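Data block for start16.cif (mmCIF, C-alpha atoms):
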```
data_data
loop_
_atom_site.group_PDB
_atom_site.id
_atom_site.type_symbol
_atom_site.label_atom_id
_atom_site.label_comp_id
_atom_site.auth_asym_id
_atom_site.auth_seq_id
_atom_site.Cartn_x
_atom_site.Cartn_y
_atom_site.Cartn_z
ATOM 1 C CA MET A 1 104.398 66.101 165.208
ATOM 2 C CA LYS A 2 107.679 65.104 163.625
ATOM 3 C CA VAL A 3 109.853 62.408 165.207
ATOM 4 C CA SER A 4 113.298 61.401 164.052
ATOM 5 C CA PHE A 5 115.903 58.972 165.302
ATOM 6 C CA THR A 6 119.614 59.609 165.296
ATOM 7 C CA LEU A 7 121.360 56.721 163.561
ATOM 8 C CA PRO A 8 122.721 55.288 166.841
ATOM 9 C CA ALA A 9 119.238 55.481 168.415
ATOM 10 C CA LEU A 10 117.744 53.692 165.417
ATOM 11 C CA MET A 11 120.357 50.984 165.842
ATOM 12 C CA ASP A 12 119.440 50.772 169.557
ATOM 13 C CA PHE A 13 115.799 50.312 168.592
ATOM 14 C CA THR A 14 116.367 47.628 165.962
ATOM 15 C CA ALA A 15 118.623 45.665 168.342
ATOM 16 C CA LEU A 16 115.786 45.287 170.875
ATOM 17 C CA PRO A 17 113.555 42.206 170.870
ATOM 18 C CA LYS A 18 110.317 42.680 168.898
ATOM 19 C CA ASN A 19 108.151 42.827 172.030
ATOM 20 C CA GLN A 20 110.267 45.692 173.407
ATOM 21 C CA GLN A 21 110.165 47.461 170.037
ATOM 22 C CA LYS A 22 106.362 47.429 170.264
ATOM 23 C CA ILE A 23 106.489 48.911 173.757
ATOM 24 C CA ILE A 24 108.934 51.625 172.650
ATOM 25 C CA THR A 25 106.697 52.439 169.662
ATOM 26 C CA ARG A 26 103.724 52.904 172.015
ATOM 27 C CA MET A 27 105.866 55.045 174.319
ATOM 28 C CA ILE A 28 106.878 57.274 171.411
ATOM 29 C CA GLY A 29 103.210 57.631 170.463
ATOM 30 C CA ARG A 30 102.362 58.742 173.983
ATOM 31 C CA LEU A 31 105.277 61.157 174.122
ATOM 32 C CA MET A 32 104.198 62.620 170.780
ATOM 33 C CA GLU A 33 100.902 63.678 172.372
ATOM 34 C CA ASN A 34 102.869 66.204 174.440
ATOM 35 C CA PRO A 35 106.666 65.830 174.419
ATOM 36 C CA LYS A 36 107.277 68.910 176.570
ATOM 37 C CA PRO A 37 108.710 68.608 180.075
ATOM 38 C CA LYS A 38 106.344 67.654 182.886
ATOM 39 C CA ASP A 39 106.643 71.126 184.414
ATOM 40 C CA LYS A 40 105.111 72.475 181.180
ATOM 41 C CA GLY A 41 102.287 69.942 181.117
ATOM 42 C CA GLY A 42 104.004 67.296 179.000
ATOM 43 C CA TYR A 43 105.232 63.754 179.557
ATOM 44 C CA GLY A 44 108.997 64.362 179.318
ATOM 45 C CA ILE A 45 111.262 64.175 182.344
ATOM 46 C CA PRO A 46 114.120 66.731 182.189
ATOM 47 C CA LEU A 47 117.489 65.050 182.712
ATOM 48 C CA GLY A 48 119.981 67.710 183.831
ATOM 49 C CA ASN A 49 122.972 66.032 185.499
ATOM 50 C CA LYS A 50 122.731 62.241 185.571
ATOM 51 C CA GLY A 51 125.559 60.042 186.788
ATOM 52 C CA GLY A 52 128.114 62.806 186.307
ATOM 53 C CA ASN A 53 126.918 63.502 182.749
ATOM 54 C CA ASN A 54 125.571 66.914 181.813
ATOM 55 C CA LEU A 55 122.410 66.045 179.892
ATOM 56 C CA THR A 56 120.758 69.434 180.250
ATOM 57 C CA GLY A 57 118.276 70.040 177.450
ATOM 58 C CA LEU A 58 117.463 66.357 177.038
ATOM 59 C CA LEU A 59 114.247 64.702 178.125
ATOM 60 C CA GLU A 60 113.387 61.177 179.060
ATOM 61 C CA GLY A 61 110.360 59.002 178.660
ATOM 62 C CA LYS A 62 110.367 55.854 180.721
ATOM 63 C CA LEU A 63 108.266 52.870 181.473
ATOM 64 C CA ARG A 64 109.364 51.726 184.901
ATOM 65 C CA GLY A 65 107.654 48.356 184.843
ATOM 66 C CA GLU A 66 109.591 47.407 181.712
ATOM 67 C CA GLY A 67 112.796 49.277 182.559
ATOM 68 C CA LEU A 68 112.789 50.921 179.113
ATOM 69 C CA ARG A 69 113.828 54.501 178.425
ATOM 70 C CA ILE A 70 113.741 56.911 175.517
ATOM 71 C CA ILE A 71 116.117 59.880 175.648
ATOM 72 C CA TYR A 72 115.196 62.722 173.316
ATOM 73 C CA ARG A 73 115.425 66.429 172.713
ATOM 74 C CA LEU A 74 113.042 68.930 171.206
ATOM 75 C CA ASP A 75 114.158 71.249 168.438
ATOM 76 C CA GLU A 76 112.952 74.830 167.996
ATOM 77 C CA ASN A 77 109.778 73.523 166.277
ATOM 78 C CA GLU A 78 109.182 71.030 169.107
ATOM 79 C CA ALA A 79 109.968 68.065 166.867
ATOM 80 C CA MET A 80 111.374 65.102 168.783
ATOM 81 C CA GLU A 81 114.868 63.850 168.010
ATOM 82 C CA ILE A 82 115.412 60.507 169.703
ATOM 83 C CA MET A 83 118.983 60.196 170.942
ATOM 84 C CA ALA A 84 118.910 56.759 172.604
ATOM 85 C CA VAL A 85 116.549 53.906 173.332
ATOM 86 C CA GLY A 86 117.201 51.102 175.728
ATOM 87 C CA VAL A 87 116.912 49.196 178.934
ATOM 88 C CA ARG A 88 117.821 51.046 182.097
ATOM 89 C CA GLU A 89 120.790 48.883 183.151
ATOM 90 C CA ASP A 90 121.907 50.955 186.151
ATOM 91 C CA GLU A 91 121.872 54.279 184.299
ATOM 92 C CA LYS A 92 124.189 53.026 181.542
ATOM 93 C CA ILE A 93 121.954 54.742 178.972
ATOM 94 C CA TYR A 94 122.975 58.148 180.372
ATOM 95 C CA ASP A 95 126.659 57.390 179.733
ATOM 96 C CA ILE A 96 125.786 56.262 176.202
ATOM 97 C CA VAL A 97 123.857 59.471 175.458
ATOM 98 C CA ALA A 98 126.626 61.659 176.886
ATOM 99 C CA LYS A 99 129.119 60.055 174.475
ATOM 100 C CA ARG A 100 126.734 60.679 171.553
ATOM 101 C CA LEU A 101 126.420 64.403 172.224
#
```

Any chance you could give the structure as structure tokens?
Amino acid sequence: MKVSFTLPALMDFTALPKNQQKIITRMIGRLMENPKPKDKGGYGIPLGNKGGNNLTGLLEGKLRGEGLRIIYRLDENEAMEIMAVGVREDEKIYDIVAKRL
């Protein structure tokens, strides 16, 4: 499975502390096992409308205990393109992703 980061998402990732980078890396590995939406047997959570932002077509992987999220989309070959990585912070990540679209 192919995974790519958008440049802003890569910058998000490198700005995180090393321990959170390790957690995100493990999360990406798990998502790579089956990045499809949960309703299709995968691990991704479809976003739709979040906080007034239309994020239809994007998926989310999250680790609630850590408050970390990965927002991504699948291309026609089901390769993951990571759009944003970060800490939840009261749904701020959804506003960030909406601006990047």

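Residues matched by the PyMOL selection byres ((chain A and resi 29-38) around 8) in this structure: A:Met1, A:Val3, A:Thr25, A:Arg26, A:Met27, A:Ile28, A:Asp39, A:Lys40, A:Gly41, A:Gly42, A:Tyr43, A:Gly44, A:Ile45, A:Pro46, A:Leu59, A:Gly61, A:Leu74, A:Glu78, A:Met80.
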
- Query: What separation in Å, quoted to one decimal, exists between atom CA of A:Phe13 and atom CA of A:Gly48?
  - Reply: 23.5 Å

Resolved residues for the PyMOL selection byres ((chain A and resi 6) around 7) as a PDB file with C-alpha atoms, keeping the file's coordinate frame:
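Result file selection-v4.pdb:
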```pdb
ATOM      1  CA  SER A   4     113.298  61.401 164.052  1.00  0.00           C
ATOM      2  CA  PHE A   5     115.903  58.972 165.302  1.00  0.00           C
ATOM      3  CA  LEU A   7     121.360  56.721 163.561  1.00  0.00           C
ATOM      4  CA  PRO A   8     122.721  55.288 166.841  1.00  0.00           C
ATOM      5  CA  ALA A   9     119.238  55.481 168.415  1.00  0.00           C
ATOM      6  CA  LEU A  10     117.744  53.692 165.417  1.00  0.00           C
ATOM      7  CA  GLU A  81     114.868  63.850 168.010  1.00  0.00           C
ATOM      8  CA  ILE A  82     115.412  60.507 169.703  1.00  0.00           C
ATOM      9  CA  MET A  83     118.983  60.196 170.942  1.00  0.00           C
TER      10      MET A  83
END
```

- Item | Distance of atom CA of A:Asn54 from atom CA of A:Ile24, expressed in Å to one decimal place | 24.4 Å

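With distances restricted to only C-alpha atoms, A:Val87 is the closest residue to A:Pro17 from A:Leu101, A:Ala79, A:Val87, A:Leu63.
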
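Proximity to A:Leu47 was assessed for A:Arg64, A:Arg88, A:Arg73, A:Lys22 counting all atoms listed in the file; the smallest distance is recorded for A:Arg73.
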
- Message: What would the selection look like, as a PyMOL selection string, if the PyMOL selection byres ((chain A and resi 96-100) around 8) were run on the coordinates I just shared?
- Response: chain A and resi 53-55+71+83-84+92-95+101

Prev. selection, C-alpha atoms, output as a CSV table (one decimal), in the coordinates of the input:
```
chain,number,residue,atom,x,y,z
A,53,ASN,CA,126.9,63.5,182.7
A,54,ASN,CA,125.6,66.9,181.8
A,55,LEU,CA,122.4,66.0,179.9
A,71,ILE,CA,116.1,59.9,175.6
A,83,MET,CA,119.0,60.2,170.9
A,84,ALA,CA,118.9,56.8,172.6
A,92,LYS,CA,124.2,53.0,181.5
A,93,ILE,CA,122.0,54.7,179.0
A,94,TYR,CA,123.0,58.1,180.4
A,95,ASP,CA,126.7,57.4,179.7
A,101,LEU,CA,126.4,64.4,172.2
```

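With atom CA of A:Asp75 on one side and atom CA of A:Gln20 on the other, the separation reads 26.3 Å.
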
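When only C-alpha atoms are used to measure the gap to A:Ala15, the shortest distance among A:Leu58, A:Glu76, A:Gly86, A:Glu91 belongs to A:Gly86.
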
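Distances here use all atoms listed in the file; by that measure, the residue among A:Leu68, A:Lys2, A:Lys50, A:Asn77 closest to A:Leu16 is A:Leu68.
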
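You can rank A:Asp12, A:Thr56, A:Gly65, A:Gln21 by their closest distance to A:Val85 using only C-alpha atoms, and at the top of that list sits A:Asp12.
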
For stretch 38-54 of chain A, I'd like the enclosing box, axis-aligned and padded by 8 Å on every side, reported as lines of an AutoDock Vina configuration file with centre and edge lengths in Å to one decimal.
```
center_x = 115.2
center_y = 66.3
center_z = 182.9
size_x = 41.8
size_y = 28.4
size_z = 23.8
```
